[in-house]
Each structure stands twice: as C-alpha cells, then as structure tokens.
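Student: Structure supplied as entry-v4.cif; contents: mmCIF, N, CA and C atoms.
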```
data_data
loop_
_atom_site.label_atom_id
_atom_site.label_comp_id
_atom_site.auth_asym_id
_atom_site.auth_seq_id
_atom_site.Cartn_x
_atom_site.Cartn_y
_atom_site.Cartn_z
N ALA A 29 -41.64 15.55 16.13
CA ALA A 29 -41.31 15.56 14.72
C ALA A 29 -40.37 14.41 14.39
N GLU A 30 -40.62 13.78 13.28
CA GLU A 30 -39.77 12.67 12.82
C GLU A 30 -38.51 13.19 12.15
N TRP A 31 -37.39 12.53 12.43
CA TRP A 31 -36.15 12.84 11.72
C TRP A 31 -36.22 12.20 10.35
N PRO A 32 -35.66 12.86 9.31
CA PRO A 32 -35.69 12.25 7.98
C PRO A 32 -34.87 10.96 7.91
N LEU A 33 -33.83 10.88 8.70
CA LEU A 33 -33.00 9.67 8.77
C LEU A 33 -33.03 9.17 10.20
N ARG A 34 -32.89 7.89 10.38
CA ARG A 34 -32.87 7.32 11.72
C ARG A 34 -31.46 6.85 12.03
N PRO A 35 -30.67 7.70 12.70
CA PRO A 35 -29.32 7.28 13.05
C PRO A 35 -29.35 6.15 14.07
N GLY A 36 -28.38 5.28 13.99
CA GLY A 36 -28.31 4.17 14.94
C GLY A 36 -26.98 4.17 15.66
N LEU A 37 -26.93 3.46 16.75
CA LEU A 37 -25.70 3.32 17.51
C LEU A 37 -25.17 1.91 17.35
N THR A 38 -23.87 1.77 17.35
CA THR A 38 -23.25 0.46 17.30
C THR A 38 -21.97 0.51 18.12
N THR A 39 -21.61 -0.63 18.67
CA THR A 39 -20.32 -0.73 19.35
C THR A 39 -19.31 -1.44 18.44
N ASP A 40 -19.77 -1.90 17.28
CA ASP A 40 -18.90 -2.58 16.32
C ASP A 40 -18.43 -1.59 15.27
N VAL A 41 -17.15 -1.26 15.31
CA VAL A 41 -16.61 -0.24 14.41
C VAL A 41 -16.77 -0.64 12.94
N ARG A 42 -16.87 -1.94 12.66
CA ARG A 42 -17.04 -2.38 11.27
C ARG A 42 -18.40 -2.00 10.70
N GLU A 43 -19.35 -1.66 11.58
CA GLU A 43 -20.68 -1.24 11.14
C GLU A 43 -20.84 0.27 11.16
N ALA A 44 -19.85 0.98 11.68
CA ALA A 44 -19.98 2.42 11.91
C ALA A 44 -19.62 3.24 10.67
N THR A 45 -20.30 4.37 10.54
CA THR A 45 -19.97 5.35 9.51
C THR A 45 -19.34 6.59 10.13
N HIS A 46 -19.62 6.82 11.42
CA HIS A 46 -19.13 7.97 12.16
C HIS A 46 -18.57 7.50 13.50
N LEU A 47 -17.47 8.09 13.93
CA LEU A 47 -16.95 7.87 15.28
C LEU A 47 -16.98 9.22 15.98
N ILE A 48 -17.52 9.24 17.19
CA ILE A 48 -17.59 10.47 17.98
C ILE A 48 -16.59 10.35 19.11
N THR A 49 -15.71 11.34 19.22
CA THR A 49 -14.69 11.34 20.27
C THR A 49 -14.23 12.76 20.54
N CYS A 50 -13.58 12.95 21.67
CA CYS A 50 -13.10 14.29 22.01
C CYS A 50 -11.61 14.45 21.73
N LYS A 51 -10.90 13.33 21.49
CA LYS A 51 -9.47 13.40 21.21
C LYS A 51 -8.99 12.13 20.54
N ILE A 52 -7.78 12.20 20.02
CA ILE A 52 -7.15 11.03 19.41
C ILE A 52 -6.74 10.08 20.53
N VAL A 53 -7.14 8.84 20.41
CA VAL A 53 -6.74 7.80 21.35
C VAL A 53 -6.29 6.59 20.55
N ARG A 54 -5.24 5.96 21.00
CA ARG A 54 -4.72 4.80 20.27
C ARG A 54 -5.41 3.53 20.76
N THR A 55 -6.70 3.44 20.42
CA THR A 55 -7.49 2.27 20.76
C THR A 55 -7.83 1.52 19.48
N VAL A 56 -8.30 0.30 19.63
CA VAL A 56 -8.71 -0.50 18.47
C VAL A 56 -9.80 0.23 17.69
N LYS A 57 -10.79 0.77 18.40
CA LYS A 57 -11.89 1.46 17.71
C LYS A 57 -11.38 2.67 16.94
N PHE A 58 -10.53 3.47 17.55
CA PHE A 58 -10.05 4.67 16.85
C PHE A 58 -9.19 4.29 15.65
N LEU A 59 -8.26 3.36 15.84
CA LEU A 59 -7.38 2.96 14.73
C LEU A 59 -8.18 2.31 13.60
N SER A 60 -9.19 1.52 13.95
CA SER A 60 -10.04 0.92 12.93
C SER A 60 -10.90 1.97 12.24
N ALA A 61 -11.40 2.91 13.01
CA ALA A 61 -12.26 3.97 12.46
C ALA A 61 -11.51 4.83 11.45
N MET A 62 -10.21 5.02 11.64
CA MET A 62 -9.43 5.82 10.70
C MET A 62 -9.56 5.27 9.28
N SER A 63 -9.71 3.96 9.15
CA SER A 63 -9.88 3.34 7.83
C SER A 63 -11.33 3.08 7.48
N GLN A 64 -12.14 2.78 8.47
CA GLN A 64 -13.49 2.30 8.25
C GLN A 64 -14.54 3.41 8.14
N CYS A 65 -14.45 4.38 9.01
CA CYS A 65 -15.50 5.39 9.12
C CYS A 65 -15.30 6.53 8.12
N SER A 66 -16.40 7.09 7.70
CA SER A 66 -16.34 8.26 6.82
C SER A 66 -15.97 9.51 7.60
N TYR A 67 -16.34 9.53 8.89
CA TYR A 67 -16.13 10.73 9.70
C TYR A 67 -15.67 10.37 11.10
N ILE A 68 -14.76 11.16 11.64
CA ILE A 68 -14.41 11.14 13.06
C ILE A 68 -14.70 12.54 13.56
N LEU A 69 -15.71 12.63 14.41
CA LEU A 69 -16.30 13.92 14.77
C LEU A 69 -16.27 14.18 16.27
N THR A 70 -16.45 15.46 16.62
CA THR A 70 -16.62 15.83 18.01
C THR A 70 -18.09 15.66 18.40
N ALA A 71 -18.35 15.62 19.70
CA ALA A 71 -19.71 15.46 20.20
C ALA A 71 -20.59 16.65 19.81
N SER A 72 -19.99 17.76 19.46
CA SER A 72 -20.77 18.94 19.05
C SER A 72 -21.65 18.62 17.85
N TRP A 73 -21.23 17.72 16.99
CA TRP A 73 -22.04 17.35 15.82
C TRP A 73 -23.37 16.73 16.28
N ILE A 74 -23.30 15.86 17.29
CA ILE A 74 -24.53 15.25 17.80
C ILE A 74 -25.40 16.32 18.45
N GLU A 75 -24.79 17.17 19.27
CA GLU A 75 -25.54 18.22 19.95
C GLU A 75 -26.24 19.14 18.95
N GLN A 76 -25.52 19.59 17.94
CA GLN A 76 -26.10 20.49 16.93
C GLN A 76 -27.18 19.78 16.11
N SER A 77 -26.95 18.51 15.79
CA SER A 77 -27.95 17.74 15.04
C SER A 77 -29.23 17.59 15.86
N CYS A 78 -29.08 17.31 17.15
CA CYS A 78 -30.25 17.19 18.03
C CYS A 78 -30.99 18.52 18.14
N ASN A 79 -30.23 19.60 18.28
CA ASN A 79 -30.86 20.93 18.37
C ASN A 79 -31.68 21.26 17.13
N ARG A 80 -31.19 20.85 15.97
CA ARG A 80 -31.88 21.15 14.72
C ARG A 80 -32.83 20.04 14.28
N LYS A 81 -32.84 18.93 15.04
CA LYS A 81 -33.69 17.77 14.74
C LYS A 81 -33.44 17.21 13.34
N MET A 82 -32.17 17.26 12.94
CA MET A 82 -31.76 16.67 11.66
C MET A 82 -30.25 16.45 11.69
N LEU A 83 -29.79 15.53 10.87
CA LEU A 83 -28.35 15.30 10.77
C LEU A 83 -27.76 16.42 9.93
N ILE A 84 -26.84 17.17 10.52
CA ILE A 84 -26.26 18.31 9.81
C ILE A 84 -24.93 17.92 9.17
N ASP A 85 -24.47 18.77 8.28
CA ASP A 85 -23.22 18.53 7.56
C ASP A 85 -22.07 18.32 8.55
N GLU A 86 -21.32 17.27 8.33
CA GLU A 86 -20.25 16.87 9.25
C GLU A 86 -18.97 17.70 9.11
N SER A 87 -18.76 18.35 7.99
CA SER A 87 -17.45 18.93 7.67
C SER A 87 -16.92 19.93 8.70
N SER A 88 -17.80 20.61 9.43
CA SER A 88 -17.35 21.57 10.44
C SER A 88 -17.06 20.92 11.78
N PHE A 89 -17.27 19.61 11.89
CA PHE A 89 -17.13 18.94 13.18
C PHE A 89 -16.08 17.84 13.18
N ILE A 90 -15.25 17.78 12.12
CA ILE A 90 -14.17 16.80 12.06
C ILE A 90 -13.25 17.04 13.26
N LEU A 91 -12.87 15.96 13.92
CA LEU A 91 -12.00 16.06 15.09
C LEU A 91 -10.71 16.79 14.76
N GLU A 92 -10.38 17.76 15.57
CA GLU A 92 -9.07 18.42 15.51
C GLU A 92 -8.46 18.32 16.90
N ASP A 93 -7.35 17.65 16.98
CA ASP A 93 -6.63 17.46 18.24
C ASP A 93 -5.18 17.83 17.97
N LYS A 94 -4.94 19.13 17.88
CA LYS A 94 -3.63 19.63 17.45
C LYS A 94 -2.47 19.04 18.23
N GLU A 95 -2.63 18.93 19.54
CA GLU A 95 -1.53 18.43 20.38
C GLU A 95 -1.15 17.00 19.99
N ASN A 96 -2.15 16.11 19.91
CA ASN A 96 -1.86 14.73 19.56
C ASN A 96 -1.53 14.56 18.08
N GLU A 97 -2.14 15.37 17.23
CA GLU A 97 -1.80 15.30 15.80
C GLU A 97 -0.32 15.65 15.61
N GLN A 98 0.13 16.66 16.31
CA GLN A 98 1.54 17.04 16.20
C GLN A 98 2.45 15.97 16.81
N ALA A 99 2.08 15.47 17.98
CA ALA A 99 2.90 14.45 18.65
C ALA A 99 2.99 13.17 17.83
N LEU A 100 1.88 12.80 17.17
CA LEU A 100 1.85 11.55 16.40
C LEU A 100 2.18 11.75 14.92
N GLY A 101 2.31 12.99 14.48
CA GLY A 101 2.74 13.27 13.11
C GLY A 101 1.71 13.01 12.04
N PHE A 102 0.44 13.30 12.31
CA PHE A 102 -0.57 13.14 11.27
C PHE A 102 -1.72 14.10 11.52
N CYS A 103 -2.57 14.25 10.52
CA CYS A 103 -3.75 15.11 10.60
C CYS A 103 -4.99 14.24 10.37
N VAL A 104 -5.92 14.27 11.30
CA VAL A 104 -7.12 13.43 11.19
C VAL A 104 -7.85 13.69 9.88
N ARG A 105 -8.10 14.95 9.57
CA ARG A 105 -8.85 15.31 8.36
C ARG A 105 -8.16 14.76 7.10
N ASP A 106 -6.84 14.98 6.99
CA ASP A 106 -6.10 14.49 5.82
C ASP A 106 -6.08 12.96 5.76
N SER A 107 -5.92 12.33 6.92
CA SER A 107 -5.86 10.86 6.95
C SER A 107 -7.19 10.23 6.56
N LEU A 108 -8.30 10.84 6.97
CA LEU A 108 -9.61 10.33 6.57
C LEU A 108 -9.80 10.45 5.06
N THR A 109 -9.35 11.56 4.50
CA THR A 109 -9.44 11.75 3.05
C THR A 109 -8.63 10.70 2.32
N LYS A 110 -7.40 10.47 2.77
CA LYS A 110 -6.54 9.45 2.15
C LYS A 110 -7.15 8.06 2.28
N ALA A 111 -7.73 7.76 3.45
CA ALA A 111 -8.31 6.43 3.67
C ALA A 111 -9.50 6.18 2.76
N ARG A 112 -10.23 7.21 2.40
CA ARG A 112 -11.36 7.04 1.47
C ARG A 112 -10.85 6.67 0.08
N LEU A 113 -9.68 7.19 -0.28
CA LEU A 113 -9.13 6.93 -1.61
C LEU A 113 -8.41 5.59 -1.69
N ASN A 114 -7.74 5.21 -0.62
CA ASN A 114 -6.94 3.99 -0.65
C ASN A 114 -6.76 3.47 0.77
N LYS A 115 -7.28 2.30 1.03
CA LYS A 115 -7.16 1.70 2.36
C LYS A 115 -5.69 1.40 2.67
N VAL A 116 -5.30 1.62 3.91
CA VAL A 116 -3.90 1.49 4.32
C VAL A 116 -3.35 0.07 4.13
N PHE A 117 -4.18 -0.95 4.32
CA PHE A 117 -3.72 -2.34 4.16
C PHE A 117 -4.29 -3.00 2.91
N LYS A 118 -4.73 -2.19 1.95
CA LYS A 118 -5.33 -2.74 0.73
C LYS A 118 -4.38 -3.75 0.08
N ASP A 119 -4.92 -4.92 -0.22
CA ASP A 119 -4.20 -6.01 -0.88
C ASP A 119 -3.06 -6.58 -0.05
N CYS A 120 -2.98 -6.26 1.22
CA CYS A 120 -1.93 -6.82 2.10
C CYS A 120 -2.48 -8.03 2.84
N GLU A 121 -1.64 -9.04 2.92
CA GLU A 121 -1.94 -10.21 3.73
C GLU A 121 -0.91 -10.25 4.85
N LEU A 122 -1.37 -10.43 6.06
CA LEU A 122 -0.49 -10.39 7.21
C LEU A 122 -0.66 -11.63 8.07
N PHE A 123 0.45 -12.14 8.57
CA PHE A 123 0.43 -13.23 9.54
C PHE A 123 0.79 -12.61 10.89
N LEU A 124 -0.01 -12.91 11.91
CA LEU A 124 0.17 -12.31 13.23
C LEU A 124 0.71 -13.35 14.20
N THR A 125 1.81 -13.03 14.87
CA THR A 125 2.33 -13.92 15.90
C THR A 125 1.50 -13.72 17.17
N PRO A 126 1.51 -14.69 18.08
CA PRO A 126 0.56 -14.67 19.20
C PRO A 126 0.75 -13.54 20.23
N HIS A 127 1.94 -13.02 20.41
CA HIS A 127 2.19 -12.13 21.53
C HIS A 127 2.29 -10.65 21.15
N ILE A 128 1.70 -10.28 20.02
CA ILE A 128 1.75 -8.87 19.61
C ILE A 128 0.80 -8.03 20.46
N GLN A 129 1.06 -6.73 20.46
CA GLN A 129 0.19 -5.77 21.15
C GLN A 129 -0.22 -4.69 20.16
N PRO A 130 -1.50 -4.39 19.95
CA PRO A 130 -2.61 -5.10 20.56
C PRO A 130 -2.63 -6.56 20.14
N GLY A 131 -3.38 -7.37 20.84
CA GLY A 131 -3.44 -8.81 20.59
C GLY A 131 -3.92 -9.15 19.19
N PRO A 132 -3.73 -10.40 18.78
CA PRO A 132 -4.10 -10.81 17.42
C PRO A 132 -5.55 -10.53 17.04
N ARG A 133 -6.49 -10.74 17.95
CA ARG A 133 -7.91 -10.51 17.61
C ARG A 133 -8.16 -9.03 17.31
N ASP A 134 -7.61 -8.15 18.17
CA ASP A 134 -7.78 -6.71 17.94
C ASP A 134 -7.02 -6.25 16.70
N MET A 135 -5.82 -6.77 16.51
CA MET A 135 -5.03 -6.38 15.34
C MET A 135 -5.73 -6.83 14.06
N LYS A 136 -6.39 -7.99 14.11
CA LYS A 136 -7.15 -8.47 12.94
C LYS A 136 -8.25 -7.48 12.57
N THR A 137 -8.94 -6.94 13.57
CA THR A 137 -9.98 -5.95 13.31
C THR A 137 -9.39 -4.72 12.63
N ILE A 138 -8.28 -4.21 13.16
CA ILE A 138 -7.62 -3.03 12.58
C ILE A 138 -7.23 -3.29 11.13
N ILE A 139 -6.62 -4.44 10.88
CA ILE A 139 -6.15 -4.80 9.54
C ILE A 139 -7.33 -4.94 8.57
N GLU A 140 -8.37 -5.65 8.99
CA GLU A 140 -9.51 -5.85 8.09
C GLU A 140 -10.25 -4.54 7.81
N CYS A 141 -10.37 -3.67 8.80
CA CYS A 141 -10.98 -2.36 8.55
C CYS A 141 -10.13 -1.56 7.57
N GLY A 142 -8.84 -1.80 7.57
CA GLY A 142 -7.92 -1.12 6.66
C GLY A 142 -7.79 -1.78 5.30
N GLY A 143 -8.64 -2.78 5.02
CA GLY A 143 -8.65 -3.40 3.70
C GLY A 143 -7.73 -4.60 3.53
N GLY A 144 -7.07 -5.03 4.60
CA GLY A 144 -6.17 -6.17 4.51
C GLY A 144 -6.82 -7.45 5.00
N SER A 145 -6.04 -8.52 4.98
CA SER A 145 -6.53 -9.79 5.50
C SER A 145 -5.44 -10.45 6.32
N VAL A 146 -5.86 -11.27 7.25
CA VAL A 146 -4.95 -12.00 8.12
C VAL A 146 -4.91 -13.44 7.66
N ILE A 147 -3.70 -13.98 7.53
CA ILE A 147 -3.56 -15.37 7.10
C ILE A 147 -3.13 -16.24 8.28
N THR A 148 -3.43 -17.52 8.17
CA THR A 148 -3.12 -18.47 9.23
C THR A 148 -1.64 -18.87 9.17
N GLU A 149 -1.19 -19.54 10.21
CA GLU A 149 0.19 -20.02 10.25
C GLU A 149 0.45 -21.00 9.10
N ASP A 150 -0.51 -21.89 8.83
CA ASP A 150 -0.35 -22.85 7.72
C ASP A 150 -0.22 -22.13 6.38
N GLN A 151 -1.04 -21.09 6.18
CA GLN A 151 -0.94 -20.32 4.93
C GLN A 151 0.42 -19.64 4.83
N ALA A 152 0.90 -19.07 5.93
CA ALA A 152 2.20 -18.40 5.92
C ALA A 152 3.32 -19.39 5.63
N LEU A 153 3.29 -20.56 6.26
CA LEU A 153 4.32 -21.57 6.02
C LEU A 153 4.27 -22.06 4.58
N GLY A 154 3.06 -22.20 4.03
CA GLY A 154 2.93 -22.60 2.63
C GLY A 154 3.53 -21.58 1.68
N ARG A 155 3.39 -20.31 1.99
CA ARG A 155 3.95 -19.25 1.15
C ARG A 155 5.47 -19.26 1.17
N VAL A 156 6.04 -19.49 2.34
CA VAL A 156 7.51 -19.48 2.47
C VAL A 156 8.13 -20.57 1.61
N GLN A 157 7.42 -21.67 1.41
CA GLN A 157 7.95 -22.78 0.62
C GLN A 157 7.88 -22.54 -0.88
N VAL A 158 7.21 -21.50 -1.29
CA VAL A 158 7.11 -21.16 -2.72
C VAL A 158 8.29 -20.25 -3.06
N PRO A 159 8.96 -20.48 -4.20
CA PRO A 159 10.08 -19.59 -4.57
C PRO A 159 9.66 -18.12 -4.59
N ALA A 160 10.53 -17.25 -4.13
CA ALA A 160 10.22 -15.83 -3.93
C ALA A 160 9.65 -15.17 -5.19
N GLU A 161 10.16 -15.51 -6.35
CA GLU A 161 9.68 -14.85 -7.57
C GLU A 161 8.25 -15.25 -7.93
N ARG A 162 7.74 -16.34 -7.37
CA ARG A 162 6.37 -16.78 -7.64
C ARG A 162 5.45 -16.57 -6.44
N ARG A 163 5.98 -16.07 -5.36
CA ARG A 163 5.25 -15.95 -4.11
C ARG A 163 4.46 -14.65 -4.05
N LYS A 164 3.21 -14.76 -3.66
CA LYS A 164 2.41 -13.57 -3.38
C LYS A 164 2.95 -12.98 -2.06
N PRO A 165 3.22 -11.68 -2.03
CA PRO A 165 3.82 -11.12 -0.82
C PRO A 165 2.87 -11.15 0.38
N PHE A 166 3.46 -11.34 1.55
CA PHE A 166 2.72 -11.23 2.80
C PHE A 166 3.67 -10.68 3.85
N TYR A 167 3.11 -10.25 4.96
CA TYR A 167 3.89 -9.61 6.01
C TYR A 167 3.68 -10.34 7.31
N VAL A 168 4.71 -10.36 8.14
CA VAL A 168 4.63 -10.96 9.46
C VAL A 168 4.65 -9.83 10.49
N VAL A 169 3.65 -9.85 11.38
CA VAL A 169 3.60 -8.88 12.47
C VAL A 169 3.95 -9.63 13.74
N ARG A 170 5.04 -9.21 14.38
CA ARG A 170 5.51 -9.92 15.57
C ARG A 170 5.88 -8.92 16.65
N ASP A 171 6.02 -9.42 17.87
CA ASP A 171 6.48 -8.55 18.93
C ASP A 171 8.00 -8.46 18.86
N ARG A 172 8.55 -7.55 19.60
CA ARG A 172 10.01 -7.32 19.54
C ARG A 172 10.82 -8.47 20.07
N LEU A 173 10.27 -9.29 20.94
CA LEU A 173 11.03 -10.35 21.59
C LEU A 173 11.07 -11.64 20.78
N ASN A 174 10.12 -11.85 19.88
CA ASN A 174 10.07 -13.10 19.11
C ASN A 174 10.46 -12.88 17.67
#
```
Just give me the structure of the file as structure tokens.
Tutor:
Amino acid sequence: AEWPLRPGLTTDVREATHLITCKIVRTVKFLSAMSQCSYILTASWIEQSCNRKMLIDESSFILEDKENEQALGFCVRDSLTKARLNKVFKDCELFLTPHIQPGPRDMKTIIECGGGSVITEDQALGRVQVPAERRKPFYVVRDRLN
C-alpha cells in the first residue's frame, strides 16, 4: 500500500521538519532543531506511523526528557511553541570570533536556524566606526579567553 505522503530523511537540519531523538542533547542538530523544526519527537512516532502505514499526529510524541529539562531549565514542548512564534535570533546580527565552542561554522548553523545572521570581521569593524546612535546593533560571540 502506498503512503499518502512520502517522508524523506535528511542529515541537514536546515531541511528538516521533524527531529527524532530519545533525549535532549546539546548538539548542533538539536540546538538548531529547536528553532528550525516543527517537531522534536521520540522514535515511537516513527514506529506507530509505520504500524499504521501513515504519518500520525505528532502531538502525543513530543520529546519529554524531564531530567534534562529540569537540569537545563526549559521545556521542549513550550520552547518549540515559542520558536514557531518568534525565532530566538530574529533580526540579530552576530560576529563570531575564531575560538568559540561550538566552532564558528557550527555556531553559524545554530544562529541561522534561529533566524539570525552572521557578519564578517570587516562588517563588524565597519559598524564600530559608525556613531552608536546611528549604528544597527550587532553582537559579538567570543570565548572566555579572548
């Protein structure tokens, strides 16, 4: 029997609508998915969808990881709802120094999935030379040592 929709797999979180995981992990994919994906689900959603040969409603399969949610001070379900309404880095421009963790390439993915943009060193230096009252705000992300 044919499925009404053809779900696909991707390793690029920027193309994903759903992230499947068993717990909260502080990885680039998970942090990006919090802003990018519509759903962060348990594997049970895939299992149940396969059993029924159709994509089933996701709402009962939203990841709940009480231990990590409490330790990190957030709720996955609430954070996904907030991210749909307003991206965490919406309208933010950030300059990344070279030695940050995660590295600049990974941090750029997290920021862009969150609605922000990364500016170059030349752009950041150009902004600093503009008087503060006329300057578009931007942020510098640096490591603790620099």
Student: Take the PyMOL selection byres ((chain A and resi 44-54) around 8), apply it to the structure above, and return the hits as a ChimeraX atom specification.
Tutor: /A:37-43,55-59,61,64-72,74,91-94,96-97
Student: So, with only C-alpha atoms as the atoms that count, which of A:Val169, A:Ile84, A:Met62, A:Leu100 lies closest to Pro130 of chain A?
Tutor: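 Of A:Val169, A:Ile84, A:Met62, A:Leu100, the one nearest Pro130 of chain A, counting only C-alpha atoms, is A:Val169.
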Student: Rounded to one decimal place, report the atom CA of Thr125 of chain A-atom CA of Ala160 of chain A distance in Å.
Tutor: 21.4 Å
Student: What does the distance from atom N of Phe89 of chain A to atom CA of Gly101 of chain A come to in Å, to one decimal?
Tutor: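 Pair atom N of Phe89 of chain A / atom CA of Gly101 of chain A returns 21.0 Å.
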Student: With only C-alpha atoms as the basis for distance, which of A:Gly143, A:Pro35, A:Thr137, A:Pro165 is at the shortest distance from Leu83 of chain A?
Tutor: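 Closest to Leu83 of chain A, using only C-alpha atoms: A:Pro35.
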Student: Would you pick out the contacts of Ile128 of chain A at 7 Å or less, using all atoms listed in the file, so that residues sharing its chain but fewer than 3 positions from it are not included, and give the list as a PyMOL selection string?
Tutor: chain A and resi 124-125+131-132+169-172
Student: Restricting it to N, CA and C atoms, dump the selection as a PDB file, keeping the file's coordinate frame.
Tutor:
```
ATOM      1  N   LEU A 124      -0.010 -12.910  11.910  1.00  0.00           N
ATOM      2  CA  LEU A 124       0.170 -12.310  13.230  1.00  0.00           C
ATOM      3  C   LEU A 124       0.710 -13.350  14.200  1.00  0.00           C
ATOM      4  N   THR A 125       1.810 -13.030  14.870  1.00  0.00           N
ATOM      5  CA  THR A 125       2.330 -13.920  15.900  1.00  0.00           C
ATOM      6  C   THR A 125       1.500 -13.720  17.170  1.00  0.00           C
ATOM      7  N   GLY A 131      -3.380  -7.370  20.840  1.00  0.00           N
ATOM      8  CA  GLY A 131      -3.440  -8.810  20.590  1.00  0.00           C
ATOM      9  C   GLY A 131      -3.920  -9.150  19.190  1.00  0.00           C
ATOM     10  N   PRO A 132      -3.730 -10.400  18.780  1.00  0.00           N
ATOM     11  CA  PRO A 132      -4.100 -10.810  17.420  1.00  0.00           C
ATOM     12  C   PRO A 132      -5.550 -10.530  17.040  1.00  0.00           C
ATOM     13  N   VAL A 169       3.650  -9.850  11.380  1.00  0.00           N
ATOM     14  CA  VAL A 169       3.600  -8.880  12.470  1.00  0.00           C
ATOM     15  C   VAL A 169       3.950  -9.630  13.740  1.00  0.00           C
ATOM     16  N   ARG A 170       5.040  -9.210  14.380  1.00  0.00           N
ATOM     17  CA  ARG A 170       5.510  -9.920  15.570  1.00  0.00           C
ATOM     18  C   ARG A 170       5.880  -8.920  16.650  1.00  0.00           C
ATOM     19  N   ASP A 171       6.020  -9.420  17.870  1.00  0.00           N
ATOM     20  CA  ASP A 171       6.480  -8.550  18.930  1.00  0.00           C
ATOM     21  C   ASP A 171       8.000  -8.460  18.860  1.00  0.00           C
ATOM     22  N   ARG A 172       8.550  -7.550  19.600  1.00  0.00           N
ATOM     23  CA  ARG A 172      10.010  -7.320  19.540  1.00  0.00           C
ATOM     24  C   ARG A 172      10.820  -8.470  20.070  1.00  0.00           C
TER      25      ARG A 172
END
```
Student: Tell me, in Å to one decimal, how far atom CA of Glu121 of chain A is from atom CA of Gly154 of chain A.
Tutor: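 Pair atom CA of Glu121 of chain A / atom CA of Gly154 of chain A returns 13.4 Å.
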Student: Please write out, as AutoDock Vina command-line options, where the centre of an axis-aligned box around all listed atoms of segment 53-56 of chain A lies and how long its edges are, in Å to one decimal, after adding 3 Å on each side.
Tutor:
```
--center_x -7.3 --center_y 4.2 --center_z 19.5 --size_x 11.1 --size_y 15.3 --size_z 9.7
```
Student: For a quick check of understanding, using all atoms listed in the file, which of A:Arg80, A:Phe123, A:Ser63, A:Thr109 has the smallest distance to Glu149 of chain A?
Tutor: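 Ranked by minimum distance to Glu149 of chain A, first place goes to A:Phe123.
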Student: Among segment 44-133 of chain A, which ones does DSSP assign to alpha helix (DSSP H) (computed from the backbone)? Answer as a compact mmCIF listing (two decimals) with N, CA and C atoms, keeping the file's coordinate frame.
Tutor:
```
# COMPACT_ATOMS: atom_id res chain seq x y z
N VAL A 56 -8.30 0.30 19.63
CA VAL A 56 -8.71 -0.50 18.47
C VAL A 56 -9.80 0.23 17.69
N LYS A 57 -10.79 0.77 18.40
CA LYS A 57 -11.89 1.46 17.71
C LYS A 57 -11.38 2.67 16.94
N PHE A 58 -10.53 3.47 17.55
CA PHE A 58 -10.05 4.67 16.85
C PHE A 58 -9.19 4.29 15.65
N LEU A 59 -8.26 3.36 15.84
CA LEU A 59 -7.38 2.96 14.73
C LEU A 59 -8.18 2.31 13.60
N SER A 60 -9.19 1.52 13.95
CA SER A 60 -10.04 0.92 12.93
C SER A 60 -10.90 1.97 12.24
N ALA A 61 -11.40 2.91 13.01
CA ALA A 61 -12.26 3.97 12.46
C ALA A 61 -11.51 4.83 11.45
N MET A 62 -10.21 5.02 11.64
CA MET A 62 -9.43 5.82 10.70
C MET A 62 -9.56 5.27 9.28
N SER A 63 -9.71 3.96 9.15
CA SER A 63 -9.88 3.34 7.83
C SER A 63 -11.33 3.08 7.48
N GLN A 64 -12.14 2.78 8.47
CA GLN A 64 -13.49 2.30 8.25
C GLN A 64 -14.54 3.41 8.14
N SER A 72 -19.99 17.76 19.46
CA SER A 72 -20.77 18.94 19.05
C SER A 72 -21.65 18.62 17.85
N TRP A 73 -21.23 17.72 16.99
CA TRP A 73 -22.04 17.35 15.82
C TRP A 73 -23.37 16.73 16.28
N ILE A 74 -23.30 15.86 17.29
CA ILE A 74 -24.53 15.25 17.80
C ILE A 74 -25.40 16.32 18.45
N GLU A 75 -24.79 17.17 19.27
CA GLU A 75 -25.54 18.22 19.95
C GLU A 75 -26.24 19.14 18.95
N GLN A 76 -25.52 19.59 17.94
CA GLN A 76 -26.10 20.49 16.93
C GLN A 76 -27.18 19.78 16.11
N SER A 77 -26.95 18.51 15.79
CA SER A 77 -27.95 17.74 15.04
C SER A 77 -29.23 17.59 15.86
N CYS A 78 -29.08 17.31 17.15
CA CYS A 78 -30.25 17.19 18.03
C CYS A 78 -30.99 18.52 18.14
N ASN A 79 -30.23 19.60 18.28
CA ASN A 79 -30.86 20.93 18.37
C ASN A 79 -31.68 21.26 17.13
N ARG A 80 -31.19 20.85 15.97
CA ARG A 80 -31.88 21.15 14.72
C ARG A 80 -32.83 20.04 14.28
N LYS A 94 -4.94 19.13 17.88
CA LYS A 94 -3.63 19.63 17.45
C LYS A 94 -2.47 19.04 18.23
N GLU A 95 -2.63 18.93 19.54
CA GLU A 95 -1.53 18.43 20.38
C GLU A 95 -1.15 17.00 19.99
N ASN A 96 -2.15 16.11 19.91
CA ASN A 96 -1.86 14.73 19.56
C ASN A 96 -1.53 14.56 18.08
N GLU A 97 -2.14 15.37 17.23
CA GLU A 97 -1.80 15.30 15.80
C GLU A 97 -0.32 15.65 15.61
N GLN A 98 0.13 16.66 16.31
CA GLN A 98 1.54 17.04 16.20
C GLN A 98 2.45 15.97 16.81
N ALA A 99 2.08 15.47 17.98
CA ALA A 99 2.90 14.45 18.65
C ALA A 99 2.99 13.17 17.83
N LEU A 100 1.88 12.80 17.17
CA LEU A 100 1.85 11.55 16.40
C LEU A 100 2.18 11.75 14.92
N VAL A 104 -5.92 14.27 11.30
CA VAL A 104 -7.12 13.43 11.19
C VAL A 104 -7.85 13.69 9.88
N ARG A 105 -8.10 14.95 9.57
CA ARG A 105 -8.85 15.31 8.36
C ARG A 105 -8.16 14.76 7.10
N ASP A 106 -6.84 14.98 6.99
CA ASP A 106 -6.10 14.49 5.82
C ASP A 106 -6.08 12.96 5.76
N SER A 107 -5.92 12.33 6.92
CA SER A 107 -5.86 10.86 6.95
C SER A 107 -7.19 10.23 6.56
N LEU A 108 -8.30 10.84 6.97
CA LEU A 108 -9.61 10.33 6.57
C LEU A 108 -9.80 10.45 5.06
N THR A 109 -9.35 11.56 4.50
CA THR A 109 -9.44 11.75 3.05
C THR A 109 -8.63 10.70 2.32
N LYS A 110 -7.40 10.47 2.77
CA LYS A 110 -6.54 9.45 2.15
C LYS A 110 -7.15 8.06 2.28
N ALA A 111 -7.73 7.76 3.45
CA ALA A 111 -8.31 6.43 3.67
C ALA A 111 -9.50 6.18 2.76
N ARG A 112 -10.23 7.21 2.40
CA ARG A 112 -11.36 7.04 1.47
C ARG A 112 -10.85 6.67 0.08
N LEU A 113 -9.68 7.19 -0.28
CA LEU A 113 -9.13 6.93 -1.61
C LEU A 113 -8.41 5.59 -1.69
N PRO A 132 -3.73 -10.40 18.78
CA PRO A 132 -4.10 -10.81 17.42
C PRO A 132 -5.55 -10.53 17.04
N ARG A 133 -6.49 -10.74 17.95
CA ARG A 133 -7.91 -10.51 17.61
C ARG A 133 -8.16 -9.03 17.31
```
Student: For the file shown, report as a ChimeraX atom specification the outcome of the PyMOL selection byres (((chain A and resi 114-119 and name CA) around 7) and name CA) at residue level.
Tutor: /A:63,110-113,120-121,139,142-144
